[in-house]
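Data first, discussion second: the structure below is written as structure tokens.
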Number of protein chains: 2
Amino acid sequence: MATIYEVSELAGVSLATVSRVMNNNGKVSQKTRDKVLDAMSKLGYRPNSSAQSLASNRTNSVGVLIPELKGPFFGQLMAGVEEQLRKANKHVIITAGHSEEHSEKDGIEFLLSRNCDAIIVHVEAVSDDYLIELSRGTVPIVIINRYVEAIADKCIYLDNKIGGYLAAKTLLGKGHKNIAYISGPKWKEDSNERIFGHKAALEEAGIEFDEDLLYVGSYVHESGSIGLTELLHKNKKFTALVCSNDEMASGAMSTARKLGYDLPNDLSVIGFDNIIYSSYLFPTLTTINYPVMTMAKMAVDMVLRDVYEHHKLKISNVFSPKLVERNSVASIK
Amino acid sequence: MATIYEVSELAGVSLATVSRVMNNNGKVSQKTRDKVLDAMSKLGYRPNSSAQSLASNRTNSVGVLIPELKGPFFGQLMAGVEEQLRKANKHVIITAGHSEEHSEKDGIEFLLSRNCDAIIVHVEAVSDDYLIELSRGTVPIVIINRYVEAIADKCIYLDNKIGGYLAAKTLLGKGHKNIAYISGPKWKEDSNERIFGHKAALEEAGIEFDEDLLYVGSYVHESGSIGLTELLHKNKKFTALVCSNDEMASGAMSTARKLGYDLPNDLSVIGFDNIIYSSYLFPTLTTINYPVMTMAKMAVDMVLRDVYEHHKLKISNVFSPKLVERNSVASIK
DNA sequence: TTGTAAGCGTTATCAG
DNA sequence: CTGATAACGCTTACAA
């Protein structure tokens, strides 16, 4: 592999000049620039990124930590991050945190040891204090899908309350009064916010939230199935079900069909996230859109602005969810 | 950030010794080792990976190129790669090729410029010759889900013919004789192989493949919908439909339901891949399992063996698909 | 506008 | 078993 030294030799200039044309900084006359470019292509020169990093103290890599690499939601997130970063000629180092404290910390440690210029995390198990502490470190961090007050400017998040509110409103608007709810785990902030919005809408409509009609799941398909089964066991009437995410909605619908329900007439279901396959389900799922790809790109823009000095990038920290109407909600006659 | 120099100073040993304990090579007495370890933790020392790479000519990173970061199939692939690599303390640099020649080459170039120690690719648009050429370069490459004869030992692939055969056999076994087929694009080798296996099974059963009942799709959901619609327009009877992947099967089923078909009684459908949501569909999809995660790990094992000298890792290049029976196939009475 | 030279933080070769 | 010391390939003051 050719080095910068050989390029400088062939072009008849100094190392510094070669470096200048590579990085497009400093003044170089068109003539010498051409000579250098020429030598580079003749030699098939490709800069050694480790050497660049060592000398410049910049790796051009940003670390990404998400709970899982598979799964529809995180797939979108990753795709957004990679696309945006690649455009800027930076690369992504990706790792999974598995929603488990030890594993998340470990992942962050791993990324830091790789000398990332910044890290973008979607963490759930780690405490706010840990994040605050982390953000005091030398490596810039951006937190996606979580709001931590003390470092709000480093957070890119969704207004989950509005989402929960919207979902409930939709059901209410169709005449539903007895609404069951399958929530995400209590220790995840977003599930609490979603249910908060839900309750707000009920209250506005003068309907009391029935704790018996609440099942706390875990955001996975199976927990939607189990949740519906449990709710049904209580022998309390409900005509609609809101699920804190689409995967659980999908699980609940599978079970409902198995039990012979005619959806959505026997039971209306509404989800959250608008993951790719929500429109492939039967019936197609009415849900709340989570603009995760857009948010991922925004997280990258933040890094680009703060670390790589792409000024004039405008950053928004909060995003709003929107209703996506499909066929899983029926009107009460 | 503390450097190796400060560690050596605090421990009262030379740089070389510190390096030795870091890398666990060379002989170091337990006593000095302890002193060094102690100094390291006192200083919160973390080696500079760029410097290590520069000096050792090894980045401990492996590049991964796949068509898309989102999507159920590639999600699994990535998850497998990352998990296995992380265990070995290597990191993944990931990028998308979008099944487009220019973009794939560009992605590979990008990874090479990042000095990856090896690259794992799932490419579709680039030619065999390009891959052969690439494999002659200095960076080891492993090719996943594609068989290139000249470099077969660098390929990890599925026996798609058996898969196609299995799917057809399943339908035949249930008494279907009029079978429609929605295939992937003609330029993707795997779709050709799948259809080849399909035809072999038909032939064995003495049934002729009806070209009219073939629709060439593009492996995405919508193309399953369109495909079924087109097939129906031909007004030829068929009782079963095989789709070259689950996404198209999902699309076809959506459309069938929309048209009022009672699935699987009015139409049996079988897919390929066994992506995560195939069991969430209605009816749950009978399909052919693609052990993509296992294969991804095998690809990693191959680079671990060849590049990082983890000898005694056993490598298998070919994998066999298996039938997963669910509820989308009915018997013909 | 161009060149010189001092790092950047490791690894690895040789001696001892 | 341990220590000097020369690379590794590039960036970046500082000079010219």
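Identifiers for the structure tokens are assigned positionally: chains receive A, B, ... in sequence, residues are indexed from 1 per chain, and ligands are indexed from 1 in the order shown.
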Give me every alpha helix (DSSP H) residue in stretch 180-287 of chain B, going by DSSP on the backbone, as a PyMOL selection string.
-> chain B and resi 189-204+221-233+246-258
Please provide the set of residues having any atom within 7 Å of stretch 7-15 of chain C, restricted to only C-alpha atoms (C1' of nucleotides), with same-chain residues fewer than 2 positions apart removed, written as an MDAnalysis selection string.
-> (chainID A and resid 54:55) or (chainID B and resid 3 48 51:52 55:56)
Check every residue of chain A for an atom within 12 Å of chain D, counting only C-alpha atoms (C1' of nucleotides), and provide those that qualify as a PyMOL selection string.
-> chain A and resi 1-6+15-20+22-23+25-26+46-58
Check the DSSP output for the backbone and give back, as a list of chain:residue names, the residues of stretch 62-191 of chain A in strand (DSSP E).
-> A:Val62, A:Gly63, A:Val64, A:Leu65, A:Ile66, A:His91, A:Val92, A:Ile93, A:Ile94, A:Thr95, A:Ala96, A:Ala118, A:Ile119, A:Ile120, A:Val121, A:Ile141, A:Val142, A:Ile143, A:Ile144, A:Cys155, A:Ile156, A:Tyr157, A:Leu158, A:Ile179, A:Ala180, A:Tyr181, A:Ile182, A:Ser183
Do you have, as JSON lines, the list of residues of chain B lying at most 8 Å from chain A, each with its nearest atom pair and that distance in Å to one decimal, counting only C-alpha atoms and ordered by chain then number?
{"residue": "B:Arg46", "atom": "CA", "partner": "A:Ser113", "partner_atom": "CA", "distance": 6.6}
{"residue": "B:Pro47", "atom": "CA", "partner": "A:Ser113", "partner_atom": "CA", "distance": 7.3}
{"residue": "B:Asn48", "atom": "CA", "partner": "A:Asn115", "partner_atom": "CA", "distance": 7.2}
{"residue": "B:Ser49", "atom": "CA", "partner": "A:Arg114", "partner_atom": "CA", "distance": 6.0}
{"residue": "B:Ser50", "atom": "CA", "partner": "A:Ser50", "partner_atom": "CA", "distance": 4.9}
{"residue": "B:Ala51", "atom": "CA", "partner": "A:Leu54", "partner_atom": "CA", "distance": 5.8}
{"residue": "B:Ser53", "atom": "CA", "partner": "A:Ser50", "partner_atom": "CA", "distance": 5.9}
{"residue": "B:Leu54", "atom": "CA", "partner": "A:Ser50", "partner_atom": "CA", "distance": 5.4}
{"residue": "B:Thr59", "atom": "CA", "partner": "A:Ser50", "partner_atom": "CA", "distance": 7.7}
{"residue": "B:Glu68", "atom": "CA", "partner": "A:Ala79", "partner_atom": "CA", "distance": 7.3}
{"residue": "B:Leu69", "atom": "CA", "partner": "A:Ala79", "partner_atom": "CA", "distance": 5.2}
{"residue": "B:Lys70", "atom": "CA", "partner": "A:Gly75", "partner_atom": "CA", "distance": 4.0}
{"residue": "B:Gly71", "atom": "CA", "partner": "A:Gly75", "partner_atom": "CA", "distance": 6.6}
{"residue": "B:Pro72", "atom": "CA", "partner": "A:Gly71", "partner_atom": "CA", "distance": 6.6}
{"residue": "B:Phe74", "atom": "CA", "partner": "A:Lys70", "partner_atom": "CA", "distance": 7.7}
{"residue": "B:Gly75", "atom": "CA", "partner": "A:Lys70", "partner_atom": "CA", "distance": 4.0}
{"residue": "B:Gln76", "atom": "CA", "partner": "A:Lys70", "partner_atom": "CA", "distance": 5.4}
{"residue": "B:Met78", "atom": "CA", "partner": "A:Leu69", "partner_atom": "CA", "distance": 6.5}
{"residue": "B:Ala79", "atom": "CA", "partner": "A:Leu69", "partner_atom": "CA", "distance": 5.2}
{"residue": "B:Glu82", "atom": "CA", "partner": "A:Thr95", "partner_atom": "CA", "distance": 6.7}
{"residue": "B:Glu83", "atom": "CA", "partner": "A:Ala96", "partner_atom": "CA", "distance": 8.0}
{"residue": "B:Arg86", "atom": "CA", "partner": "A:Thr95", "partner_atom": "CA", "distance": 8.0}
{"residue": "B:His91", "atom": "CA", "partner": "A:Ile93", "partner_atom": "CA", "distance": 6.8}
{"residue": "B:Val92", "atom": "CA", "partner": "A:Ile93", "partner_atom": "CA", "distance": 5.7}
{"residue": "B:Ile93", "atom": "CA", "partner": "A:Ile93", "partner_atom": "CA", "distance": 5.0}
{"residue": "B:Ile94", "atom": "CA", "partner": "A:Val92", "partner_atom": "CA", "distance": 6.2}
{"residue": "B:Thr95", "atom": "CA", "partner": "A:Glu82", "partner_atom": "CA", "distance": 6.7}
{"residue": "B:Ala96", "atom": "CA", "partner": "A:Glu82", "partner_atom": "CA", "distance": 7.8}
{"residue": "B:Ser113", "atom": "CA", "partner": "A:Arg46", "partner_atom": "CA", "distance": 6.5}
{"residue": "B:Arg114", "atom": "CA", "partner": "A:Ser49", "partner_atom": "CA", "distance": 6.0}
{"residue": "B:Asn115", "atom": "CA", "partner": "A:Ser49", "partner_atom": "CA", "distance": 6.7}
{"residue": "B:Ser250", "atom": "CA", "partner": "A:Tyr280", "partner_atom": "CA", "distance": 6.7}
{"residue": "B:Gly251", "atom": "CA", "partner": "A:Tyr280", "partner_atom": "CA", "distance": 7.2}
{"residue": "B:Ser254", "atom": "CA", "partner": "A:Tyr280", "partner_atom": "CA", "distance": 6.6}
{"residue": "B:Tyr277", "atom": "CA", "partner": "A:Tyr277", "partner_atom": "CA", "distance": 7.6}
{"residue": "B:Tyr280", "atom": "CA", "partner": "A:Ser254", "partner_atom": "CA", "distance": 6.6}
{"residue": "B:Leu281", "atom": "CA", "partner": "A:Leu281", "partner_atom": "CA", "distance": 5.8}
{"residue": "B:Phe282", "atom": "CA", "partner": "A:Phe282", "partner_atom": "CA", "distance": 6.2}
Grab the residues selected above and save them as a compact mmCIF listing (two decimals), in the first residue's frame with N, CA, C and O atoms.
# COMPACT_ATOMS: atom_id res chain seq x y z
N ARG B 46 -6.90 3.67 29.16
CA ARG B 46 -7.62 3.00 28.06
C ARG B 46 -6.74 3.17 26.83
O ARG B 46 -6.45 4.29 26.42
N PRO B 47 -6.29 2.06 26.26
CA PRO B 47 -5.36 2.17 25.13
C PRO B 47 -5.96 2.95 23.97
O PRO B 47 -7.17 2.91 23.74
N ASN B 48 -5.17 3.63 23.25
CA ASN B 48 -5.61 4.37 22.08
C ASN B 48 -5.63 3.43 20.89
O ASN B 48 -4.59 2.98 20.41
N SER B 49 -6.84 3.15 20.43
CA SER B 49 -6.93 2.11 19.40
C SER B 49 -6.34 2.54 18.07
O SER B 49 -5.87 1.71 17.29
N SER B 50 -6.32 3.84 17.81
CA SER B 50 -5.70 4.28 16.55
C SER B 50 -4.21 4.01 16.57
O SER B 50 -3.63 3.55 15.58
N ALA B 51 -3.61 4.28 17.70
CA ALA B 51 -2.17 4.04 17.82
C ALA B 51 -1.87 2.55 17.71
O ALA B 51 -0.92 2.13 17.06
N SER B 53 -3.62 0.39 16.13
CA SER B 53 -3.81 -0.03 14.74
C SER B 53 -2.62 0.36 13.89
O SER B 53 -2.13 -0.42 13.07
N LEU B 54 -2.17 1.56 14.11
CA LEU B 54 -1.06 2.05 13.31
C LEU B 54 0.18 1.20 13.51
O LEU B 54 0.85 0.80 12.56
N THR B 59 -6.83 -3.30 12.66
CA THR B 59 -7.79 -2.36 13.25
C THR B 59 -8.79 -3.01 14.19
O THR B 59 -9.55 -2.34 14.86
N GLU B 68 -29.69 -3.59 2.97
CA GLU B 68 -30.42 -2.62 3.78
C GLU B 68 -30.21 -2.91 5.25
O GLU B 68 -30.07 -4.07 5.64
N LEU B 69 -30.24 -1.88 6.06
CA LEU B 69 -30.09 -2.12 7.49
C LEU B 69 -31.44 -2.41 8.12
O LEU B 69 -31.54 -2.99 9.19
N LYS B 70 -32.49 -1.97 7.46
CA LYS B 70 -33.81 -2.30 7.99
C LYS B 70 -34.28 -3.56 7.29
O LYS B 70 -33.64 -4.04 6.37
N GLY B 71 -35.40 -4.05 7.69
CA GLY B 71 -35.90 -5.28 7.08
C GLY B 71 -35.54 -6.46 7.94
O GLY B 71 -34.46 -6.52 8.50
N PRO B 72 -36.46 -7.39 8.06
CA PRO B 72 -36.34 -8.48 9.00
C PRO B 72 -35.18 -9.41 8.70
O PRO B 72 -34.50 -9.88 9.60
N PHE B 74 -32.23 -8.85 7.07
CA PHE B 74 -30.90 -8.30 7.31
C PHE B 74 -30.69 -7.92 8.76
O PHE B 74 -29.56 -7.88 9.24
N GLY B 75 -31.78 -7.67 9.44
CA GLY B 75 -31.67 -7.42 10.87
C GLY B 75 -31.07 -8.63 11.57
O GLY B 75 -30.16 -8.51 12.39
N GLN B 76 -31.57 -9.78 11.21
CA GLN B 76 -31.06 -11.02 11.80
C GLN B 76 -29.60 -11.22 11.46
O GLN B 76 -28.79 -11.64 12.29
N MET B 78 -27.33 -8.99 10.68
CA MET B 78 -26.50 -8.06 11.45
C MET B 78 -26.37 -8.48 12.89
O MET B 78 -25.29 -8.42 13.47
N ALA B 79 -27.49 -8.87 13.47
CA ALA B 79 -27.47 -9.25 14.87
C ALA B 79 -26.51 -10.41 15.08
O ALA B 79 -25.73 -10.42 16.04
N GLU B 82 -22.85 -9.10 14.67
CA GLU B 82 -22.40 -8.25 15.77
C GLU B 82 -22.15 -9.06 17.03
O GLU B 82 -21.12 -8.91 17.70
N GLU B 83 -23.07 -9.93 17.35
CA GLU B 83 -22.94 -10.70 18.58
C GLU B 83 -21.65 -11.51 18.59
O GLU B 83 -20.89 -11.49 19.57
N ARG B 86 -18.47 -9.20 18.63
CA ARG B 86 -18.32 -8.50 19.90
C ARG B 86 -17.71 -9.41 20.95
O ARG B 86 -16.88 -8.99 21.75
N HIS B 91 -14.91 -5.02 16.34
CA HIS B 91 -16.11 -4.25 16.09
C HIS B 91 -16.55 -4.25 14.64
O HIS B 91 -15.78 -4.53 13.74
N VAL B 92 -17.81 -3.93 14.48
CA VAL B 92 -18.44 -3.97 13.18
C VAL B 92 -18.59 -2.56 12.62
O VAL B 92 -19.10 -1.68 13.29
N ILE B 93 -18.17 -2.40 11.40
CA ILE B 93 -18.47 -1.17 10.69
C ILE B 93 -19.48 -1.55 9.64
O ILE B 93 -19.23 -2.43 8.82
N ILE B 94 -20.62 -0.92 9.70
CA ILE B 94 -21.70 -1.41 8.86
C ILE B 94 -22.11 -0.40 7.82
O ILE B 94 -22.07 0.80 8.06
N THR B 95 -22.47 -0.89 6.65
CA THR B 95 -22.94 0.03 5.63
C THR B 95 -23.89 -0.67 4.67
O THR B 95 -23.91 -1.89 4.60
N ALA B 96 -24.69 0.13 3.98
CA ALA B 96 -25.73 -0.43 3.12
C ALA B 96 -25.37 -0.31 1.64
O ALA B 96 -24.79 0.69 1.22
N SER B 113 -11.39 1.71 2.80
CA SER B 113 -10.71 2.94 3.19
C SER B 113 -10.67 3.07 4.71
O SER B 113 -9.91 3.85 5.26
N ARG B 114 -11.51 2.32 5.37
CA ARG B 114 -11.53 2.33 6.83
C ARG B 114 -10.58 1.29 7.40
O ARG B 114 -10.60 1.02 8.59
N ASN B 115 -9.80 0.68 6.50
CA ASN B 115 -8.82 -0.31 6.95
C ASN B 115 -9.39 -1.45 7.77
O ASN B 115 -8.83 -1.83 8.80
N SER B 250 -46.59 -12.30 2.18
CA SER B 250 -47.42 -11.42 2.98
C SER B 250 -48.24 -10.48 2.10
O SER B 250 -49.43 -10.25 2.33
N GLY B 251 -47.61 -9.94 1.09
CA GLY B 251 -48.32 -9.06 0.16
C GLY B 251 -49.44 -9.80 -0.56
O GLY B 251 -50.56 -9.28 -0.69
N SER B 254 -52.36 -10.40 1.81
CA SER B 254 -53.14 -9.18 2.03
C SER B 254 -54.14 -8.99 0.90
O SER B 254 -55.32 -8.73 1.12
N TYR B 277 -41.95 -11.89 11.30
CA TYR B 277 -43.39 -11.67 11.35
C TYR B 277 -44.21 -12.67 10.55
O TYR B 277 -45.42 -12.55 10.47
N TYR B 280 -46.90 -13.92 12.48
CA TYR B 280 -47.89 -12.95 12.95
C TYR B 280 -48.98 -12.74 11.91
O TYR B 280 -49.97 -12.07 12.16
N LEU B 281 -48.74 -13.24 10.73
CA LEU B 281 -49.69 -13.01 9.64
C LEU B 281 -50.94 -13.85 9.83
O LEU B 281 -50.98 -14.75 10.67
N PHE B 282 -51.93 -13.57 9.02
CA PHE B 282 -53.16 -14.34 9.09
C PHE B 282 -53.49 -14.89 7.72
O PHE B 282 -53.71 -14.11 6.81
Contact set, chain C to chain A: 7 Å, only C-alpha atoms (C1' of nucleotides), as a ChimeraX atom specification | /C:1-3,8
Please indicate the distance in Å from atom CA of A:Glu149 to atom CA of A:His311, rounded to one decimal place.
->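 That distance, rounded to one decimal, is 24.8 Å.
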Test item: residues at most 10 Å from A:Tyr147, only C-alpha atoms (C1' of nucleotides), excluding those fewer than 2 positions along its chain, as a list in words |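 Once the nearby chain positions are removed, what remains is Asp128, Ile143, Ile144, Asn145, Glu149, Ala150, Ile151, Ala152, Asp153, Lys154, Cys155, Ile156, Tyr157, Leu158, Asp159, Glu189, Asp190, Asn317 and Val318 of chain A.
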Spatial neighbours of stretch 204-212 of chain B, 12 Å, only C-alpha atoms (C1' of nucleotides), chain gap at least 5 places, as a count of residues only | 31
Take atom CA of B:Val329 and atom CA of B:Gly271 and report the distance between them in Å, one decimal.
->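 Calculated distance between atom CA of B:Val329 and atom CA of B:Gly271 is 10.3 Å.
Going from atom CA of B:Tyr45 over to atom CA of A:Glu133, you cover 18.2 Å.
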